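Data first, discussion second: the structure below is written as structure tokens.
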Number of protein chains: 2
Amino acid sequence: MDEVMPEKKPIGILDSGVGGLSVLRHIQALMPNENLIYFADQANIPYGPRPPAEIRRFSEEITRFLLRKGSKVIVVACNTASGAALEHLRSAFPDMSFVGMEPAVKPGVYQSRQGKIGILATAGTFGSRRYANLMARYAWGVVAFEDPCLGLVEQIEAGKLSTQETDRILRDALAPMLNAGVDTLVLGCTHYPFVLPSIRRLAGPGVNVIDPAPAVALQVQRVLRQQHYLTEETALRDVHGYTTGDARNLEMSVEQLLSQFFPISAIEWDG
Amino acid sequence: MDEVMPEKKPIGILDSGVGGLSVLRHIQALMPNENLIYFADQANIPYGPRPPAEIRRFSEEITRFLLRKGSKVIVVACNTASGAALEHLRSAFPDMSFVGMEPAVKPGVYQSRQGKIGILATAGTFGSRRYANLMARYAWGVVAFEDPCLGLVEQIEAGKLSTQETDRILRDALAPMLNAGVDTLVLGCTHYPFVLPSIRRLAGPGVNVIDPAPAVALQVQRVLRQQHYLTEETALRDVHGYTTGDARNLEMSVEQLLSQFFPISAIEWDG
């Protein structure tokens, strides 16, 4: 794809499943004229419990695919893959820019009035060196509560956003944190923003919930601007999605997850 | 809603049905931080064959609803309602800003190399004084072919975007124009962009198709900027939809129509 001008090349976004759509949504809103490719490795989901070496191998393969499709920047829109593979990807593809996820510990610490924050992520993220470094650098002086929300990624992949089981997982995760008085919750998995209404309801109005996706979208924009790779086109661009799983299944997820931001009411009318 | 700061008030968007979603999509992409309200008068669709006085009455009622919801600008995202009611709305609500639709005759004339353009709109639009004025002002020196695409709005409302019947309507509309050598097609109904893939396929690569929605979104932005009504918030905003018809039906249309811009492919993978 060397003959294509950099501005016209797509932004490549990868995740194990549908979680990265919560990041895609903010990238698309901030840069609606950019071509986007979304890659969901649904044949291998969940990444959370997998060994880091395996996640590195998957991420490298997906990166090669996204490069063949001409990606000008790659967004690792999966906290687990960022924790396991981001450094590896940067050394394996030294000419390529990568933007990864990390739990928003720094803003969480900054915003907490009580110095008590809750972090919801996956086991893989909690076990990563990237996370350990992050906590060592920013989390001193605060009490941090962690929960891997076991099963929550699978519930969200299955579209079960507001079932009893999803509520139970969240309640079990949040109860000890809330009892201990956390006033700030950090979402450290890109799947979790899709259950934000339930998280807010269970946590109550006094708790601030931080989704890092808007900050990640801004970082992607900064990277592209620095490289003069932002498009100057003004046409609205489509997204193309790829999945290693079932296409119809991902289509239905996209419809369900992205249309939850467009609630509809019927009204009585005598027009 | 006088206590709400103007920037936080929503942009109100109205249509007889789902067509205005083709405009909403561009408004949302251009101004992702604005609150949006979408009103679909699906109890009264289609507007095309209705007498102008009735459309004025409907539009005035919907405007009152959108004002009660605090709208800071109203987008009449329906060509038929713009043709029948826009002047009336501006005199009935002199303190309010309205942005309406009109067939993109001026850019169509400007872009046509052969001086032959095709205009696809509804019977109501073709019969309006607004359209007559537009043609009188801009269409001299070109040959303009018109077709009301009878039944097309209903097909799109029913989600039948690529059925044989939809293709037949489009083929019947386009055949005489294409035989006569038009090189530019103007979409004069906000429903029609949802069958753009079929229009492009039937018209062939040599014909330029103009959707006015991006220009309308820019006009909304200009109006808000002039009034210092653009939001300074950076949070992504949701949309709220209202319908005089069936809410679940509009929900499904939103999912289908807006997700067609996100095609999904399954890929073989041995990761």
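The chains in the structure tokens are called A, B, ... from first to last as shown; in each chain the residues are counted from 1, and the ligands are counted from 1 in the order shown.
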Rows by chain and residue number, chain B within 7 Å of chain A, shortest pair, only C-alpha atoms, as a tab-separated table:
residue	atom	partner	partner_atom	distance
B:Ala29	CA	A:Pro32	CA	5.5
B:Pro32	CA	A:Ala29	CA	5.6
B:Phe58	CA	A:Gly271	CA	5.8
B:Glu61	CA	A:Gly271	CA	7.0
B:Asp238	CA	A:Phe261	CA	5.1
B:Val239	CA	A:Phe262	CA	4.8
B:His240	CA	A:Pro263	CA	5.4
B:Gly241	CA	A:Ile264	CA	4.4
B:Tyr242	CA	A:Ser265	CA	4.8
B:Thr243	CA	A:Ala266	CA	5.0
B:Thr244	CA	A:Ile267	CA	5.4
B:Gly245	CA	A:Ala266	CA	6.5
B:Asp246	CA	A:Ala266	CA	6.2
B:Ala247	CA	A:Ala266	CA	4.8
B:Glu251	CA	A:Ile264	CA	6.3
B:Glu255	CA	A:Glu255	CA	5.2
B:Ser259	CA	A:Glu255	CA	6.0
B:Phe261	CA	A:Asp238	CA	5.1
B:Phe262	CA	A:Val239	CA	4.9
B:Pro263	CA	A:His240	CA	5.4
B:Ile264	CA	A:Gly241	CA	4.4
B:Ser265	CA	A:Tyr242	CA	4.9
B:Ala266	CA	A:Ala247	CA	4.9
B:Ile267	CA	A:Thr244	CA	5.4
B:Glu268	CA	A:Thr244	CA	6.5
B:Trp269	CA	A:Thr244	CA	6.0
B:Gly271	CA	A:Phe58	CA	5.8
Residues flagged strand (DSSP E) by DSSP in segment 218-261 of chain A, as a PyMOL selection string:
chain A and resi 239-243
Kindly save the residues from that selection, with N, CA and C atoms included, as a compact mmCIF listing (two decimals), in the first residue's frame.
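Result went into again.txt, see below:
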# COMPACT_ATOMS: atom_id res chain seq x y z
N VAL A 239 -16.18 2.53 8.55
CA VAL A 239 -15.29 1.67 9.31
C VAL A 239 -15.38 0.30 8.67
N HIS A 240 -14.29 -0.44 8.63
CA HIS A 240 -14.43 -1.84 8.25
C HIS A 240 -14.00 -2.71 9.41
N GLY A 241 -14.83 -3.67 9.75
CA GLY A 241 -14.54 -4.57 10.85
C GLY A 241 -14.10 -5.93 10.34
N TYR A 242 -13.16 -6.54 11.04
CA TYR A 242 -12.74 -7.91 10.75
C TYR A 242 -12.80 -8.70 12.04
N THR A 243 -13.23 -9.93 11.94
CA THR A 243 -13.24 -10.79 13.13
C THR A 243 -12.67 -12.16 12.79
Using DSSP secondary structure from the backbone, list all helix (DSSP H, G or I) positions within segment 7-173 of chain B, as JSON, numbers by chain.
{"B": [7, 8, 21, 22, 23, 24, 25, 26, 27, 28, 29, 30, 42, 43, 44, 52, 53, 54, 55, 56, 57, 58, 59, 60, 61, 62, 63, 64, 65, 66, 67, 68, 79, 80, 81, 82, 83, 84, 85, 86, 87, 88, 89, 90, 91, 92, 105, 106, 107, 108, 109, 110, 111, 123, 124, 125, 126, 129, 130, 131, 132, 133, 134, 135, 136, 137, 138, 152, 153, 154, 155, 156, 157, 164, 165, 166, 167, 168, 169, 170, 171, 172, 173]}
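Here the question is which of A:Arg171, A:Gly159, A:Glu102, A:Lys116 gets nearest to Leu134 of chain A using only C-alpha atoms, and that residue is A:Glu102.
Across A:Leu86, A:Ile13, A:Ala180, A:Ala77, the tightest approach to Phe65 of chain A is made by A:Ile13 when counting only C-alpha atoms.
Atom to atom, atom CA of Gly181 of chain B and atom CA of Ile210 of chain B stand 16.5 Å apart.
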